[in-house]
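*Asks:* Structure in structure tokens, see below.
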Amino acid sequence: PAPSSAPAGGAAVRPRVLFACTGNSARSPIAAALLRHRGGGHVEVMSAGSHPKARMHPNAVRVLREEYGLDLAGVRPRHLDAVDPRRFSHLISLCDKVREAHPAFGERPRPTHWSIPDPAATGGDDQVSYPAFVDTARELDTRIRRLLPVLTPATTPEVPS
């Protein structure tokens, strides 16, 4: 197929990625924000959780603001039941618990599993646990940078064989 340079609202079909973790308050919203940012409008992204928390973890909001200049204000955790997984081309589970809770997604969307430790599980107050969030965001950013050329090959420069 011909490469597409259509903007986000254009007629081109963009890959749709759903990130899932248990609480949807740290890992999956961080991943969604980073892919949305890195994708430059070429990827539609959403996150959800099997047992969503009442609010975003403050360190998830902080790490994206301080380390990446991204704002999660207004983002609220959402339950996986609130989204139709079939509308996504890729489902990326970020923890074993969510993969166990929803094993029957089938092949649509295309499943991928990244086992990312929960940075909130480090315990302690927000100041003590913040370094774990920095590490998690860096790990997710590295994986997303590797994933992006797979999701949007027509928008990335071709490398000669």
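By order of appearance in the structure tokens: chains A, B, ..., then residues from 1 within every chain, and ligands from 1 in the order shown.
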Residues near Arg76 of chain A, anyone? I mean within 9 Å using only C-alpha atoms, not counting same-chain ones fewer than 2 positions away, as a list in words.

*Replies:*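 Those residues are Asn24, Ser25, Lys53, Ala54, Arg55, Met56, Leu72, Ala73, Gly74 and Arg78 of chain A.
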
*Asks:* Deliver the residues from the most recent selection as a file, using N, CA, C and O atoms, as a JSON list (two decimals), in the first residue's frame.

*Replies:*
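See part-v3.json below for the written result:
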[["chain", "number", "residue", "atom", "x", "y", "z"],
["A", 24, "ASN", "N", -5.26, 0.74, 35.82],
["A", 24, "ASN", "CA", -5.37, 1.83, 34.85],
["A", 24, "ASN", "C", -5.12, 3.19, 35.50],
["A", 24, "ASN", "O", -5.75, 4.18, 35.17],
["A", 25, "SER", "N", -4.17, 3.20, 36.44],
["A", 25, "SER", "CA", -3.86, 4.46, 37.11],
["A", 25, "SER", "C", -2.38, 4.83, 36.98],
["A", 25, "SER", "O", -1.97, 5.89, 37.43],
["A", 53, "LYS", "N", -8.63, 1.92, 39.38],
["A", 53, "LYS", "CA", -8.58, 2.70, 40.62],
["A", 53, "LYS", "C", -9.54, 3.89, 40.48],
["A", 53, "LYS", "O", -10.04, 4.18, 39.39],
["A", 54, "ALA", "N", -9.74, 4.58, 41.58],
["A", 54, "ALA", "CA", -10.64, 5.74, 41.57],
["A", 54, "ALA", "C", -10.02, 6.94, 40.87],
["A", 54, "ALA", "O", -10.73, 7.78, 40.32],
["A", 55, "ARG", "N", -8.68, 7.02, 40.87],
["A", 55, "ARG", "CA", -8.01, 8.17, 40.27],
["A", 55, "ARG", "C", -6.64, 7.76, 39.77],
["A", 55, "ARG", "O", -6.11, 6.72, 40.14],
["A", 56, "MET", "N", -6.05, 8.63, 38.97],
["A", 56, "MET", "CA", -4.69, 8.42, 38.50],
["A", 56, "MET", "C", -3.73, 8.48, 39.68],
["A", 56, "MET", "O", -3.95, 9.26, 40.61],
["A", 72, "LEU", "N", -1.53, 14.71, 32.12],
["A", 72, "LEU", "CA", -2.58, 13.72, 32.30],
["A", 72, "LEU", "C", -3.79, 14.30, 33.03],
["A", 72, "LEU", "O", -4.67, 13.55, 33.43],
["A", 73, "ALA", "N", -3.80, 15.61, 33.23],
["A", 73, "ALA", "CA", -4.94, 16.23, 33.92],
["A", 73, "ALA", "C", -6.22, 15.88, 33.17],
["A", 73, "ALA", "O", -6.29, 15.93, 31.94],
["A", 74, "GLY", "N", -7.22, 15.51, 33.90],
["A", 74, "GLY", "CA", -8.50, 15.17, 33.29],
["A", 74, "GLY", "C", -8.63, 13.72, 32.88],
["A", 74, "GLY", "O", -9.72, 13.26, 32.55],
["A", 78, "ARG", "N", -10.35, 3.89, 33.53],
["A", 78, "ARG", "CA", -11.56, 3.33, 32.92],
["A", 78, "ARG", "C", -11.46, 1.81, 32.96],
["A", 78, "ARG", "O", -10.40, 1.23, 32.91]]

*Asks:* Which residues, written as a ChimeraX atom specification, have at least one atom at most 7 Å from segment 108-117 of chain A, with only C-alpha atoms counted and residues fewer than 5 positions away on the same chain left out?

*Replies:* /A:85-86,88-96

*Asks:* Next, write the just-selected residues to a file, as a PDB file, in the first residue's frame, keeping all heavy atoms as the atom set.

*Replies:*
ATOM      1  N   PRO A  85     -12.915  -4.085  22.701  1.00  0.00           N
ATOM      2  CA  PRO A  85     -11.565  -4.428  22.246  1.00  0.00           C
ATOM      3  C   PRO A  85     -11.490  -4.715  20.750  1.00  0.00           C
ATOM      4  O   PRO A  85     -10.439  -4.551  20.145  1.00  0.00           O
ATOM      5  CB  PRO A  85     -11.203  -5.662  23.069  1.00  0.00           C
ATOM      6  CG  PRO A  85     -12.472  -6.190  23.597  1.00  0.00           C
ATOM      7  CD  PRO A  85     -13.441  -5.042  23.653  1.00  0.00           C
ATOM      8  N   ARG A  86     -12.593  -5.092  20.126  1.00  0.00           N
ATOM      9  CA  ARG A  86     -12.560  -5.406  18.695  1.00  0.00           C
ATOM     10  C   ARG A  86     -12.309  -4.178  17.829  1.00  0.00           C
ATOM     11  O   ARG A  86     -11.937  -4.307  16.680  1.00  0.00           O
ATOM     12  CB  ARG A  86     -13.862  -6.079  18.276  1.00  0.00           C
ATOM     13  CG  ARG A  86     -14.038  -7.454  18.922  1.00  0.00           C
ATOM     14  CD  ARG A  86     -15.419  -7.951  18.713  1.00  0.00           C
ATOM     15  NE  ARG A  86     -16.337  -6.977  19.324  1.00  0.00           N
ATOM     16  CZ  ARG A  86     -17.642  -7.080  19.324  1.00  0.00           C
ATOM     17  NH1 ARG A  86     -18.223  -8.087  18.741  1.00  0.00           N
ATOM     18  NH2 ARG A  86     -18.405  -6.167  19.909  1.00  0.00           N
ATOM     19  N   PHE A  88      -9.942  -2.199  18.242  1.00  0.00           N
ATOM     20  CA  PHE A  88      -8.496  -1.954  18.268  1.00  0.00           C
ATOM     21  C   PHE A  88      -7.771  -2.978  17.406  1.00  0.00           C
ATOM     22  O   PHE A  88      -8.191  -4.122  17.296  1.00  0.00           O
ATOM     23  CB  PHE A  88      -7.980  -2.006  19.710  1.00  0.00           C
ATOM     24  CG  PHE A  88      -8.543  -0.900  20.548  1.00  0.00           C
ATOM     25  CD1 PHE A  88      -9.697  -1.093  21.274  1.00  0.00           C
ATOM     26  CD2 PHE A  88      -7.942   0.353  20.571  1.00  0.00           C
ATOM     27  CE1 PHE A  88     -10.252  -0.066  22.024  1.00  0.00           C
ATOM     28  CE2 PHE A  88      -8.482   1.385  21.307  1.00  0.00           C
ATOM     29  CZ  PHE A  88      -9.642   1.170  22.043  1.00  0.00           C
ATOM     30  N   SER A  89      -6.673  -2.539  16.819  1.00  0.00           N
ATOM     31  CA  SER A  89      -5.856  -3.468  16.043  1.00  0.00           C
ATOM     32  C   SER A  89      -4.818  -4.158  16.923  1.00  0.00           C
ATOM     33  O   SER A  89      -4.349  -5.234  16.580  1.00  0.00           O
ATOM     34  CB  SER A  89      -5.161  -2.730  14.885  1.00  0.00           C
ATOM     35  OG  SER A  89      -4.477  -1.586  15.354  1.00  0.00           O
ATOM     36  N   HIS A  90      -4.476  -3.553  18.071  1.00  0.00           N
ATOM     37  CA  HIS A  90      -3.483  -4.117  18.992  1.00  0.00           C
ATOM     38  C   HIS A  90      -3.945  -3.946  20.431  1.00  0.00           C
ATOM     39  O   HIS A  90      -4.418  -2.868  20.796  1.00  0.00           O
ATOM     40  CB  HIS A  90      -2.132  -3.410  18.842  1.00  0.00           C
ATOM     41  CG  HIS A  90      -1.490  -3.627  17.525  1.00  0.00           C
ATOM     42  ND1 HIS A  90      -1.877  -2.957  16.377  1.00  0.00           N
ATOM     43  CD2 HIS A  90      -0.483  -4.447  17.150  1.00  0.00           C
ATOM     44  CE1 HIS A  90      -1.139  -3.355  15.369  1.00  0.00           C
ATOM     45  NE2 HIS A  90      -0.285  -4.254  15.805  1.00  0.00           N
ATOM     46  N   LEU A  91      -3.787  -4.988  21.215  1.00  0.00           N
ATOM     47  CA  LEU A  91      -4.012  -4.937  22.659  1.00  0.00           C
ATOM     48  C   LEU A  91      -2.678  -5.249  23.312  1.00  0.00           C
ATOM     49  O   LEU A  91      -2.110  -6.321  23.085  1.00  0.00           O
ATOM     50  CB  LEU A  91      -5.046  -5.956  23.116  1.00  0.00           C
ATOM     51  CG  LEU A  91      -5.101  -6.183  24.634  1.00  0.00           C
ATOM     52  CD1 LEU A  91      -5.639  -4.957  25.350  1.00  0.00           C
ATOM     53  CD2 LEU A  91      -5.911  -7.409  24.968  1.00  0.00           C
ATOM     54  N   ILE A  92      -2.181  -4.322  24.122  1.00  0.00           N
ATOM     55  CA  ILE A  92      -0.921  -4.558  24.818  1.00  0.00           C
ATOM     56  C   ILE A  92      -1.213  -4.616  26.303  1.00  0.00           C
ATOM     57  O   ILE A  92      -1.566  -3.604  26.918  1.00  0.00           O
ATOM     58  CB  ILE A  92       0.116  -3.461  24.494  1.00  0.00           C
ATOM     59  CG1 ILE A  92       0.366  -3.435  22.981  1.00  0.00           C
ATOM     60  CG2 ILE A  92       1.412  -3.708  25.279  1.00  0.00           C
ATOM     61  CD1 ILE A  92       1.301  -2.349  22.517  1.00  0.00           C
ATOM     62  N   SER A  93      -1.114  -5.819  26.854  1.00  0.00           N
ATOM     63  CA  SER A  93      -1.301  -5.995  28.295  1.00  0.00           C
ATOM     64  C   SER A  93       0.032  -5.715  28.975  1.00  0.00           C
ATOM     65  O   SER A  93       1.088  -6.105  28.484  1.00  0.00           O
ATOM     66  CB  SER A  93      -1.815  -7.398  28.618  1.00  0.00           C
ATOM     67  OG  SER A  93      -0.963  -8.386  28.097  1.00  0.00           O
ATOM     68  N   LEU A  94      -0.039  -5.005  30.095  1.00  0.00           N
ATOM     69  CA  LEU A  94       1.175  -4.578  30.769  1.00  0.00           C
ATOM     70  C   LEU A  94       1.416  -5.307  32.080  1.00  0.00           C
ATOM     71  O   LEU A  94       2.409  -5.025  32.754  1.00  0.00           O
ATOM     72  CB  LEU A  94       1.125  -3.062  31.020  1.00  0.00           C
ATOM     73  CG  LEU A  94       1.000  -2.225  29.749  1.00  0.00           C
ATOM     74  CD1 LEU A  94       0.824  -0.759  30.093  1.00  0.00           C
ATOM     75  CD2 LEU A  94       2.209  -2.420  28.859  1.00  0.00           C
ATOM     76  N   CYS A  95       0.523  -6.211  32.444  1.00  0.00           N
ATOM     77  CA  CYS A  95       0.742  -6.986  33.661  1.00  0.00           C
ATOM     78  C   CYS A  95       0.082  -8.351  33.504  1.00  0.00           C
ATOM     79  O   CYS A  95      -0.848  -8.527  32.723  1.00  0.00           O
ATOM     80  CB  CYS A  95       0.219  -6.254  34.896  1.00  0.00           C
ATOM     81  SG  CYS A  95      -1.556  -6.078  34.996  1.00  0.00           S
ATOM     82  N   ASP A  96       0.589  -9.300  34.258  1.00  0.00           N
ATOM     83  CA  ASP A  96       0.072 -10.665  34.181  1.00  0.00           C
ATOM     84  C   ASP A  96      -1.370 -10.749  34.666  1.00  0.00           C
ATOM     85  O   ASP A  96      -2.168 -11.508  34.125  1.00  0.00           O
ATOM     86  CB  ASP A  96       0.957 -11.608  34.998  1.00  0.00           C
ATOM     87  CG  ASP A  96       2.377 -11.680  34.440  1.00  0.00           C
ATOM     88  OD1 ASP A  96       2.544 -11.453  33.230  1.00  0.00           O
ATOM     89  OD2 ASP A  96       3.304 -11.937  35.226  1.00  0.00           O
TER      90      ASP A  96
END

*Asks:* Any chance you could list, as a list in words, the residues in segment 28-153 of chain A that come up strand (DSSP E) when DSSP is run on the backbone?

*Replies:*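 Across segment 28-153 of chain A, those assigned strand (DSSP E) are Glu44, Val45, Met46, Ser47, Ala48, Gly49, His90, Leu91, Ile92, Ser93, Arg110, Pro111, Thr112 and His113 of chain A.
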
*Asks:* Go ahead and compute the interatomic distance for atom CA of Tyr130 of chain A and atom CA of Ile30 of chain A, in Å to one decimal.

*Replies:*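 Taking atom CA of Tyr130 of chain A as the start and atom CA of Ile30 of chain A as the end point, the length is 13.6 Å.
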
*Asks:* Identify, on the basis of only C-alpha atoms, every residue whose closest approach to Leu151 of chain A does not exceed 7 Å; exclude the query and any residue fewer than 3 positions from it along the same chain; express the result as a CSV table (one decimal) with C-alpha atoms, in the first residue's frame.

*Replies:*
chain,number,residue,atom,x,y,z
A,15,PRO,CA,-3.5,1.7,13.9
A,147,LEU,CA,6.9,-0.5,18.5
A,148,LEU,CA,6.2,2.7,16.6

*Asks:* Among the residues of segment 41-156 of chain A, find those DSSP assigns to helix (DSSP H, G or I) from the backbone and print them as JSON, numbers by chain.

*Replies:* {"A": [58, 59, 60, 61, 62, 63, 64, 65, 66, 67, 68, 80, 81, 82, 85, 86, 87, 96, 97, 98, 99, 100, 101, 103, 104, 105, 119, 120, 121, 122, 126, 127, 128, 129, 130, 131, 132, 133, 134, 135, 136, 137, 138, 139, 140, 141, 142, 143, 144, 145, 146, 147, 148, 149, 150, 151, 153, 154, 155]}

*Asks:* For segment 35-39 of chain A, find every residue with an atom within 8 Å (counting only C-alpha atoms), except residues of its own chain fewer than 2 positions away, and show them as a list in words.

*Replies:*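 Everything that qualifies: Ala31, Ala32, Ala33, Gly41, His42, Val43, Glu44, Val45, Asp141, Ile144, Arg145 and Leu148 of chain A.
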
*Asks:* Would you save the residues of that selection, restricted to all heavy atoms, as an mmCIF file, in the first residue's frame?

*Replies:*
data_model
loop_
_atom_site.group_PDB
_atom_site.id
_atom_site.type_symbol
_atom_site.label_atom_id
_atom_site.label_comp_id
_atom_site.auth_asym_id
_atom_site.auth_seq_id
_atom_site.Cartn_x
_atom_site.Cartn_y
_atom_site.Cartn_z
ATOM 1 N N ALA A 31 1.780 4.582 29.301
ATOM 2 C CA ALA A 31 2.065 4.027 27.971
ATOM 3 C C ALA A 31 1.216 4.710 26.902
ATOM 4 O O ALA A 31 1.727 5.076 25.831
ATOM 5 C CB ALA A 31 1.825 2.520 27.967
ATOM 6 N N ALA A 32 -0.064 4.908 27.187
ATOM 7 C CA ALA A 32 -0.946 5.542 26.207
ATOM 8 C C ALA A 32 -0.497 6.970 25.907
ATOM 9 O O ALA A 32 -0.445 7.388 24.749
ATOM 10 C CB ALA A 32 -2.391 5.518 26.709
ATOM 11 N N ALA A 33 -0.163 7.713 26.941
ATOM 12 C CA ALA A 33 0.287 9.098 26.741
ATOM 13 C C ALA A 33 1.577 9.156 25.933
ATOM 14 O O ALA A 33 1.728 9.992 25.039
ATOM 15 C CB ALA A 33 0.462 9.792 28.090
ATOM 16 N N GLY A 41 0.051 11.681 16.100
ATOM 17 C CA GLY A 41 -1.244 11.671 15.431
ATOM 18 C C GLY A 41 -1.458 10.509 14.477
ATOM 19 O O GLY A 41 -2.519 10.392 13.875
ATOM 20 N N HIS A 42 -0.464 9.634 14.340
ATOM 21 C CA HIS A 42 -0.583 8.509 13.414
ATOM 22 C C HIS A 42 -1.133 7.243 14.065
ATOM 23 O O HIS A 42 -1.332 6.238 13.380
ATOM 24 C CB HIS A 42 0.781 8.193 12.779
ATOM 25 C CG HIS A 42 1.283 9.306 11.923
ATOM 26 N ND1 HIS A 42 0.804 9.552 10.656
ATOM 27 C CD2 HIS A 42 2.214 10.266 12.152
ATOM 28 C CE1 HIS A 42 1.416 10.599 10.149
ATOM 29 N NE2 HIS A 42 2.277 11.061 11.039
ATOM 30 N N VAL A 43 -1.345 7.282 15.399
ATOM 31 C CA VAL A 43 -1.839 6.116 16.126
ATOM 32 C C VAL A 43 -2.955 6.571 17.055
ATOM 33 O O VAL A 43 -2.821 7.580 17.745
ATOM 34 C CB VAL A 43 -0.710 5.467 16.969
ATOM 35 C CG1 VAL A 43 -1.213 4.233 17.700
ATOM 36 C CG2 VAL A 43 0.491 5.123 16.107
ATOM 37 N N GLU A 44 -4.049 5.837 17.073
ATOM 38 C CA GLU A 44 -5.122 6.093 18.039
ATOM 39 C C GLU A 44 -4.834 5.232 19.271
ATOM 40 O O GLU A 44 -4.561 4.040 19.135
ATOM 41 C CB GLU A 44 -6.469 5.722 17.437
ATOM 42 C CG GLU A 44 -7.632 6.032 18.343
ATOM 43 C CD GLU A 44 -8.967 5.669 17.720
ATOM 44 O OE1 GLU A 44 -9.111 5.776 16.486
ATOM 45 O OE2 GLU A 44 -9.855 5.265 18.485
ATOM 46 N N VAL A 45 -4.890 5.818 20.446
ATOM 47 C CA VAL A 45 -4.473 5.122 21.661
ATOM 48 C C VAL A 45 -5.497 5.303 22.776
ATOM 49 O O VAL A 45 -6.057 6.391 22.943
ATOM 50 C CB VAL A 45 -3.114 5.658 22.170
ATOM 51 C CG1 VAL A 45 -2.589 4.799 23.307
ATOM 52 C CG2 VAL A 45 -2.093 5.744 21.055
ATOM 53 N N ASP A 141 8.719 3.913 27.439
ATOM 54 C CA ASP A 141 9.133 4.770 26.326
ATOM 55 C C ASP A 141 10.069 4.019 25.379
ATOM 56 O O ASP A 141 9.941 4.115 24.150
ATOM 57 C CB ASP A 141 9.802 6.034 26.861
ATOM 58 C CG ASP A 141 9.928 7.123 25.804
ATOM 59 O OD1 ASP A 141 9.023 7.245 24.947
ATOM 60 O OD2 ASP A 141 10.929 7.861 25.834
ATOM 61 N N ILE A 144 7.935 1.586 23.410
ATOM 62 C CA ILE A 144 7.090 2.308 22.461
ATOM 63 C C ILE A 144 7.909 2.792 21.268
ATOM 64 O O ILE A 144 7.459 2.721 20.125
ATOM 65 C CB ILE A 144 6.367 3.465 23.179
ATOM 66 C CG1 ILE A 144 5.249 2.861 24.027
ATOM 67 C CG2 ILE A 144 5.847 4.508 22.211
ATOM 68 C CD1 ILE A 144 4.694 3.780 25.083
ATOM 69 N N ARG A 145 9.116 3.249 21.500
ATOM 70 C CA ARG A 145 9.979 3.674 20.393
ATOM 71 C C ARG A 145 10.286 2.500 19.460
ATOM 72 O O ARG A 145 10.429 2.692 18.253
ATOM 73 C CB ARG A 145 11.264 4.284 20.926
ATOM 74 C CG ARG A 145 11.061 5.671 21.524
ATOM 75 C CD ARG A 145 12.358 6.155 22.176
ATOM 76 N NE ARG A 145 12.212 7.435 22.799
ATOM 77 C CZ ARG A 145 12.568 8.588 22.240
ATOM 78 N NH1 ARG A 145 13.084 8.610 21.030
ATOM 79 N NH2 ARG A 145 12.414 9.717 22.889
ATOM 80 N N LEU A 148 6.730 1.678 17.529
ATOM 81 C CA LEU A 148 6.199 2.667 16.599
ATOM 82 C C LEU A 148 6.479 2.356 15.131
ATOM 83 O O LEU A 148 5.561 2.444 14.303
ATOM 84 C CB LEU A 148 6.709 4.055 16.978
ATOM 85 C CG LEU A 148 5.883 5.234 16.504
ATOM 86 C CD1 LEU A 148 4.400 5.076 16.816
ATOM 87 C CD2 LEU A 148 6.406 6.508 17.101
#

*Asks:* Which residues, written as a list in words, have at least one atom at most 12 Å from Asp135 of chain A, with only C-alpha atoms counted and residues fewer than 2 positions away on the same chain left out?

*Replies:*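 Selected residues are Arg27, Ile30, Asn59, Ala60, Val63, Leu64, Glu67, Ile116, Pro117, Asp118, Pro119, Ala120, Thr122, Ser129, Tyr130, Pro131, Ala132, Phe133, Ala137, Arg138, Glu139, Leu140, Asp141 and Thr142 of chain A.
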